[in-house]
Amino acid sequence: MAYEIDLGQFKIGAGNRPFLIAGPCVIENEQLVIDTAGRIADIAKAIGMPYVFKSSFDKANRTSITSFRGPGLEKGLAVLARVKQHIGVPVLTDVHSEEQATEAGRVVDILQIPAFLCRQTDLLIAAAKTGKVVNIKKGQFLSPPEMGNAVKKVEDSGNRRIVLTERGSSFGYNNLVVDMRSFPIMRRFGYPVVFDATHSVQLPGGGGTKSSGQREFVEPLACAAAGAGCDGFFMEVHPDPDSALSDGPNMVPLHTLQSLLERVLRIWDAAAK
């Protein structure tokens, strides 16, 4: 069975055209978030791609203790609420604890479980009980079939509004690879599968006190995932990634986003015929 997830303005999975999750990695300031969300929404509308805004109120797994983490739960959720109000799109943010899941579930449309936390039972249960869509990112340390255990934790908590996200697997030190078999394998669970095109080109810890990345490989990997039949694309996007406070080396520059998405959609449409 293929579950179709209703996000109010559009539906995802079950053969629907792919949707986009995009935004700056972390909430740096409200103006940047609102401006970027608005510009991405305009691009998505122009190419006919359903859009969910993403940004984090807290990056709890930064490499260094001195790294910027974000404005925190209260201020961050207030910014995300304003995105919903002013831009009119669904919003997604990641959560790291049961308390955060409960609070964020009152504001956002999709709760994201970070890859490092995809086996945290209490977190998955708390997210499930909000009734919101739960996007579970596949851990870098898990095989695609193992994600069935995370799915069952959410299902058994009474929630079948589930999305799974592929974000690469650890390959030696400071490197990730993407196994394109992951998409058909995880789709067997019945839920939409998203490709995280930007974290998949991250070089974890590759900068010593921070992660590095290879954004030049976002496009070829996204094109491959489109051909493999993913249900959506996750891309962290920034107007000036080189000055971003988190994940700059692997984020997509905003001015290149539309041409990238247009190419990806052409490949997806051709593969779906």
# chains A, B, ... in the order shown; residues from 1 in each chain; ligands from 1
call {"tool": "residues_around", "arguments": {"residues": "Gly15 of chain A", "least_positions_apart": "5", "cutoff": "12 Å", "atoms": "only C-alpha atoms", "output": "JSON, numbers by chain"}}
result
{"A": [1, 2, 3, 4, 5, 187, 190, 191, 192, 193, 229, 230, 231, 232, 268, 269, 271, 272, 273]}
call {"tool": "write_last_selection", "arguments": {"atoms": "N, CA, C and O atoms", "output": "compact mmCIF listing (two decimals), in the first residue's frame"}}
result
# COMPACT_ATOMS: atom_id res chain seq x y z
N MET A 1 0.84 -1.20 0.00
CA MET A 1 0.00 0.00 0.00
C MET A 1 0.88 1.25 0.00
O MET A 1 1.87 1.32 0.73
N ALA A 2 0.51 2.24 -0.82
CA ALA A 2 1.23 3.52 -0.84
C ALA A 2 0.36 4.58 -0.18
O ALA A 2 -0.75 4.86 -0.63
N TYR A 3 0.85 5.12 0.92
CA TYR A 3 0.10 6.12 1.66
C TYR A 3 0.30 7.51 1.04
O TYR A 3 1.44 7.92 0.77
N GLU A 4 -0.80 8.21 0.83
CA GLU A 4 -0.76 9.59 0.36
C GLU A 4 -0.89 10.49 1.58
O GLU A 4 -1.81 10.34 2.39
N ILE A 5 0.04 11.43 1.74
CA ILE A 5 0.05 12.31 2.89
C ILE A 5 -0.56 13.65 2.50
O ILE A 5 -0.11 14.30 1.55
N ARG A 187 10.62 2.79 -0.12
CA ARG A 187 9.24 2.99 -0.57
C ARG A 187 8.38 1.75 -0.32
O ARG A 187 7.16 1.84 -0.29
N GLY A 190 5.69 1.91 2.20
CA GLY A 190 4.43 2.53 1.84
C GLY A 190 4.38 4.04 1.95
O GLY A 190 3.36 4.65 1.64
N TYR A 191 5.47 4.63 2.39
CA TYR A 191 5.47 6.07 2.66
C TYR A 191 6.35 6.83 1.67
O TYR A 191 7.27 6.26 1.08
N PRO A 192 6.09 8.14 1.49
CA PRO A 192 6.92 8.94 0.59
C PRO A 192 8.38 8.93 1.04
O PRO A 192 8.68 8.96 2.24
N VAL A 193 9.27 8.92 0.07
CA VAL A 193 10.71 8.94 0.34
C VAL A 193 11.32 10.18 -0.31
O VAL A 193 11.15 10.42 -1.51
N GLY A 229 13.20 7.72 -8.71
CA GLY A 229 11.79 7.80 -8.34
C GLY A 229 11.49 8.27 -6.94
O GLY A 229 10.51 7.83 -6.34
N CYS A 230 12.30 9.19 -6.40
CA CYS A 230 11.99 9.71 -5.07
C CYS A 230 10.72 10.57 -5.13
O CYS A 230 10.30 11.02 -6.20
N ASP A 231 10.12 10.80 -3.98
CA ASP A 231 8.85 11.53 -3.90
C ASP A 231 9.02 13.01 -3.57
O ASP A 231 8.04 13.76 -3.59
N GLY A 232 10.23 13.41 -3.24
CA GLY A 232 10.48 14.79 -2.90
C GLY A 232 11.96 15.06 -2.76
O GLY A 232 12.78 14.14 -2.73
N TRP A 268 12.54 13.55 -13.50
CA TRP A 268 11.51 12.81 -12.77
C TRP A 268 10.32 12.49 -13.68
O TRP A 268 9.82 11.37 -13.69
N ASP A 269 9.89 13.50 -14.44
CA ASP A 269 8.74 13.31 -15.34
C ASP A 269 9.05 12.25 -16.40
O ASP A 269 8.20 11.41 -16.71
N ALA A 271 11.20 9.76 -16.15
CA ALA A 271 11.30 8.44 -15.52
C ALA A 271 9.95 7.91 -15.11
O ALA A 271 9.75 6.67 -15.06
N ALA A 272 8.99 8.79 -14.86
CA ALA A 272 7.67 8.36 -14.40
C ALA A 272 6.78 7.88 -15.52
O ALA A 272 5.74 7.24 -15.29
N LYS A 273 7.15 8.14 -16.78
CA LYS A 273 6.30 7.78 -17.91
C LYS A 273 6.33 6.25 -18.12
O LYS A 273 7.34 5.60 -17.94
call {"tool": "residues_around", "arguments": {"residues": "segment 128-130 of chain A", "least_positions_apart": "4", "cutoff": "10 Å", "atoms": "only C-alpha atoms", "output": "list in words"}}
result
Ala101, Thr102, Glu103, Ala104, Gly105, Arg106, Leu111, Asp122, Leu123, Leu124, Val134, Lys153, Val154, Glu155, Asp156, Ser157, Gly158, Asn159, Arg160, Arg161 and Ile162 of chain A
call {"tool": "closest_residue", "arguments": {"among": "A:Ala150, A:Ala37, A:Ala224, A:Leu203", "to": "Phe189 of chain A", "atoms": "only C-alpha atoms"}}
result
A:Ala150
call {"tool": "atom_distance", "arguments": {"atom1": "atom CA of Val95 of chain A", "atom2": "atom CA of Pro114 of chain A"}}
result
7.3 Å
call {"tool": "select_by_dssp", "arguments": {"residues": "segment 8-244 of chain A", "states": "strand (DSSP E)", "output": "VMD selection string"}}
result
chain A and resid 11 to 12 19 to 23 51 to 54 91 to 94 110 to 113 133 to 137 162 to 166 169 to 170 176 to 177 193 to 196 202 to 203 212 to 213 232 to 238
call {"tool": "write_last_selection", "arguments": {"atoms": "C-alpha atoms", "output": "mmCIF file, in the first residue's frame"}}
result
data_model
loop_
_atom_site.group_PDB
_atom_site.id
_atom_site.type_symbol
_atom_site.label_atom_id
_atom_site.label_comp_id
_atom_site.auth_asym_id
_atom_site.auth_seq_id
_atom_site.Cartn_x
_atom_site.Cartn_y
_atom_site.Cartn_z
ATOM 1 C CA LYS A 11 -0.703 15.820 -1.270
ATOM 2 C CA ILE A 12 2.592 13.954 -1.358
ATOM 3 C CA PHE A 19 7.539 18.265 -3.596
ATOM 4 C CA LEU A 20 10.308 20.491 -2.264
ATOM 5 C CA ILE A 21 11.561 20.990 1.293
ATOM 6 C CA ALA A 22 13.924 23.965 1.317
ATOM 7 C CA GLY A 23 15.281 26.858 3.357
ATOM 8 C CA TYR A 51 6.787 23.646 -1.323
ATOM 9 C CA VAL A 52 7.510 23.195 2.392
ATOM 10 C CA PHE A 53 9.771 25.721 4.133
ATOM 11 C CA LYS A 54 12.537 24.330 6.372
ATOM 12 C CA VAL A 91 6.811 24.590 7.556
ATOM 13 C CA LEU A 92 9.192 21.922 8.829
ATOM 14 C CA THR A 93 11.740 21.966 11.632
ATOM 15 C CA ASP A 94 13.813 19.348 13.392
ATOM 16 C CA ILE A 110 6.165 18.522 9.739
ATOM 17 C CA LEU A 111 8.406 17.403 12.598
ATOM 18 C CA GLN A 112 11.785 16.179 11.428
ATOM 19 C CA ILE A 113 13.744 13.521 13.295
ATOM 20 C CA VAL A 133 3.666 14.573 9.716
ATOM 21 C CA VAL A 134 6.878 12.948 10.969
ATOM 22 C CA ASN A 135 9.869 13.079 8.618
ATOM 23 C CA ILE A 136 12.432 10.499 9.735
ATOM 24 C CA LYS A 137 15.896 11.003 8.287
ATOM 25 C CA ILE A 162 5.241 9.450 7.823
ATOM 26 C CA VAL A 163 7.948 10.583 5.409
ATOM 27 C CA LEU A 164 11.384 8.969 5.110
ATOM 28 C CA THR A 165 14.479 10.857 3.996
ATOM 29 C CA GLU A 166 17.688 9.483 2.512
ATOM 30 C CA SER A 169 25.627 6.700 4.452
ATOM 31 C CA SER A 170 28.983 6.953 6.204
ATOM 32 C CA LEU A 176 29.125 10.004 2.699
ATOM 33 C CA VAL A 177 27.814 8.022 -0.249
ATOM 34 C CA VAL A 193 10.714 8.938 0.336
ATOM 35 C CA VAL A 194 12.623 12.221 0.068
ATOM 36 C CA PHE A 195 16.189 12.801 -1.070
ATOM 37 C CA ASP A 196 18.268 15.185 1.038
ATOM 38 C CA GLN A 202 28.399 17.023 3.379
ATOM 39 C CA LEU A 203 31.854 15.978 4.579
ATOM 40 C CA SER A 212 32.770 20.719 5.066
ATOM 41 C CA GLY A 213 30.908 19.906 1.867
ATOM 42 C CA GLY A 232 10.476 14.790 -2.901
ATOM 43 C CA PHE A 233 13.683 16.780 -2.583
ATOM 44 C CA PHE A 234 15.208 18.329 0.519
ATOM 45 C CA MET A 235 17.658 21.144 -0.174
ATOM 46 C CA GLU A 236 19.092 23.639 2.248
ATOM 47 C CA VAL A 237 19.202 26.945 0.388
ATOM 48 C CA HIS A 238 20.830 30.275 1.263
#
call {"tool": "closest_residue", "arguments": {"among": "A:Pro239, A:Pro249, A:Gly227, A:Gly70", "to": "Arg215 of chain A", "atoms": "only C-alpha atoms"}}
result
A:Pro249
call {"tool": "residues_around", "arguments": {"residues": "Ser211 of chain A", "least_positions_apart": "2", "cutoff": "10 Å", "atoms": "only C-alpha atoms", "output": "MDAnalysis selection string"}}
result
chainID A and resid 62:64 174 202:209 213 246:250
call {"tool": "write_last_selection", "arguments": {"atoms": "N, CA, C and O atoms", "output": "mmCIF file, in the first residue's frame"}}
result
data_model
loop_
_atom_site.group_PDB
_atom_site.id
_atom_site.type_symbol
_atom_site.label_atom_id
_atom_site.label_comp_id
_atom_site.auth_asym_id
_atom_site.auth_seq_id
_atom_site.Cartn_x
_atom_site.Cartn_y
_atom_site.Cartn_z
ATOM 1 N N ARG A 62 25.994 20.278 16.252
ATOM 2 C CA ARG A 62 27.123 20.951 15.603
ATOM 3 C C ARG A 62 28.444 20.315 16.037
ATOM 4 O O ARG A 62 28.572 19.804 17.148
ATOM 5 N N THR A 63 29.431 20.389 15.158
ATOM 6 C CA THR A 63 30.722 19.755 15.429
ATOM 7 C C THR A 63 31.411 20.347 16.650
ATOM 8 O O THR A 63 31.931 19.627 17.505
ATOM 9 N N SER A 64 31.416 21.671 16.747
ATOM 10 C CA SER A 64 32.141 22.370 17.805
ATOM 11 C C SER A 64 31.187 23.038 18.789
ATOM 12 O O SER A 64 30.092 23.480 18.411
ATOM 13 N N ASN A 174 34.845 11.122 7.322
ATOM 14 C CA ASN A 174 34.508 12.430 6.733
ATOM 15 C C ASN A 174 33.928 12.345 5.330
ATOM 16 O O ASN A 174 34.158 13.221 4.498
ATOM 17 N N GLN A 202 27.634 16.533 2.237
ATOM 18 C CA GLN A 202 28.399 17.023 3.379
ATOM 19 C C GLN A 202 29.623 16.130 3.608
ATOM 20 O O GLN A 202 29.598 14.929 3.312
ATOM 21 N N LEU A 203 30.673 16.719 4.128
ATOM 22 C CA LEU A 203 31.854 15.978 4.579
ATOM 23 C C LEU A 203 31.895 16.135 6.096
ATOM 24 O O LEU A 203 32.465 17.107 6.608
ATOM 25 N N PRO A 204 31.254 15.214 6.834
ATOM 26 C CA PRO A 204 31.077 15.391 8.284
ATOM 27 C C PRO A 204 32.411 15.533 9.016
ATOM 28 O O PRO A 204 33.297 14.683 8.896
ATOM 29 N N GLY A 205 32.547 16.632 9.751
ATOM 30 C CA GLY A 205 33.776 16.881 10.483
ATOM 31 C C GLY A 205 34.973 17.165 9.597
ATOM 32 O O GLY A 205 36.107 17.243 10.080
ATOM 33 N N GLY A 206 34.733 17.341 8.287
ATOM 34 C CA GLY A 206 35.824 17.484 7.339
ATOM 35 C C GLY A 206 36.605 18.770 7.466
ATOM 36 O O GLY A 206 37.687 18.908 6.884
ATOM 37 N N GLY A 207 36.050 19.729 8.241
ATOM 38 C CA GLY A 207 36.745 20.998 8.449
ATOM 39 C C GLY A 207 37.425 21.086 9.791
ATOM 40 O O GLY A 207 37.790 22.184 10.221
ATOM 41 N N GLY A 208 37.572 19.947 10.470
ATOM 42 C CA GLY A 208 38.210 19.945 11.781
ATOM 43 C C GLY A 208 37.238 20.304 12.882
ATOM 44 O O GLY A 208 36.707 19.428 13.571
ATOM 45 N N THR A 209 36.957 21.590 13.049
ATOM 46 C CA THR A 209 35.977 22.028 14.046
ATOM 47 C C THR A 209 34.612 22.269 13.425
ATOM 48 O O THR A 209 33.708 22.794 14.078
ATOM 49 N N GLY A 213 31.882 20.411 2.818
ATOM 50 C CA GLY A 213 30.908 19.906 1.867
ATOM 51 C C GLY A 213 31.338 20.137 0.435
ATOM 52 O O GLY A 213 32.293 20.873 0.159
ATOM 53 N N SER A 246 25.771 28.039 9.237
ATOM 54 C CA SER A 246 25.752 26.584 9.375
ATOM 55 C C SER A 246 25.606 25.949 8.002
ATOM 56 O O SER A 246 24.785 26.383 7.192
ATOM 57 N N ASP A 247 26.404 24.921 7.732
ATOM 58 C CA ASP A 247 26.286 24.099 6.523
ATOM 59 C C ASP A 247 26.510 24.844 5.212
ATOM 60 O O ASP A 247 26.069 24.390 4.158
ATOM 61 N N GLY A 248 27.216 25.959 5.256
ATOM 62 C CA GLY A 248 27.443 26.728 4.035
ATOM 63 C C GLY A 248 28.034 25.937 2.882
ATOM 64 O O GLY A 248 27.561 26.050 1.742
ATOM 65 N N PRO A 249 29.081 25.108 3.107
ATOM 66 C CA PRO A 249 29.735 24.427 1.986
ATOM 67 C C PRO A 249 28.851 23.460 1.216
ATOM 68 O O PRO A 249 29.187 23.103 0.083
ATOM 69 N N ASN A 250 27.743 23.007 1.813
ATOM 70 C CA ASN A 250 26.895 22.076 1.073
ATOM 71 C C ASN A 250 25.520 22.656 0.731
ATOM 72 O O ASN A 250 24.678 21.972 0.168
#
call {"tool": "select_by_dssp", "arguments": {"residues": "segment 149-266 of chain A", "states": "helix (DSSP H, G or I)", "output": "JSON, numbers by chain"}}
result
{"A": [149, 150, 151, 152, 153, 154, 155, 182, 183, 184, 185, 186, 187, 199, 200, 201, 215, 216, 217, 218, 219, 220, 221, 222, 223, 224, 225, 226, 227, 228, 241, 242, 243, 248, 249, 250, 254, 255, 256, 257, 258, 259, 260, 261, 262, 263, 264, 265, 266]}
call {"tool": "atom_distance", "arguments": {"atom1": "atom CA of Val252 of chain A", "atom2": "atom CA of Ile185 of chain A"}}
result
27.2 Å
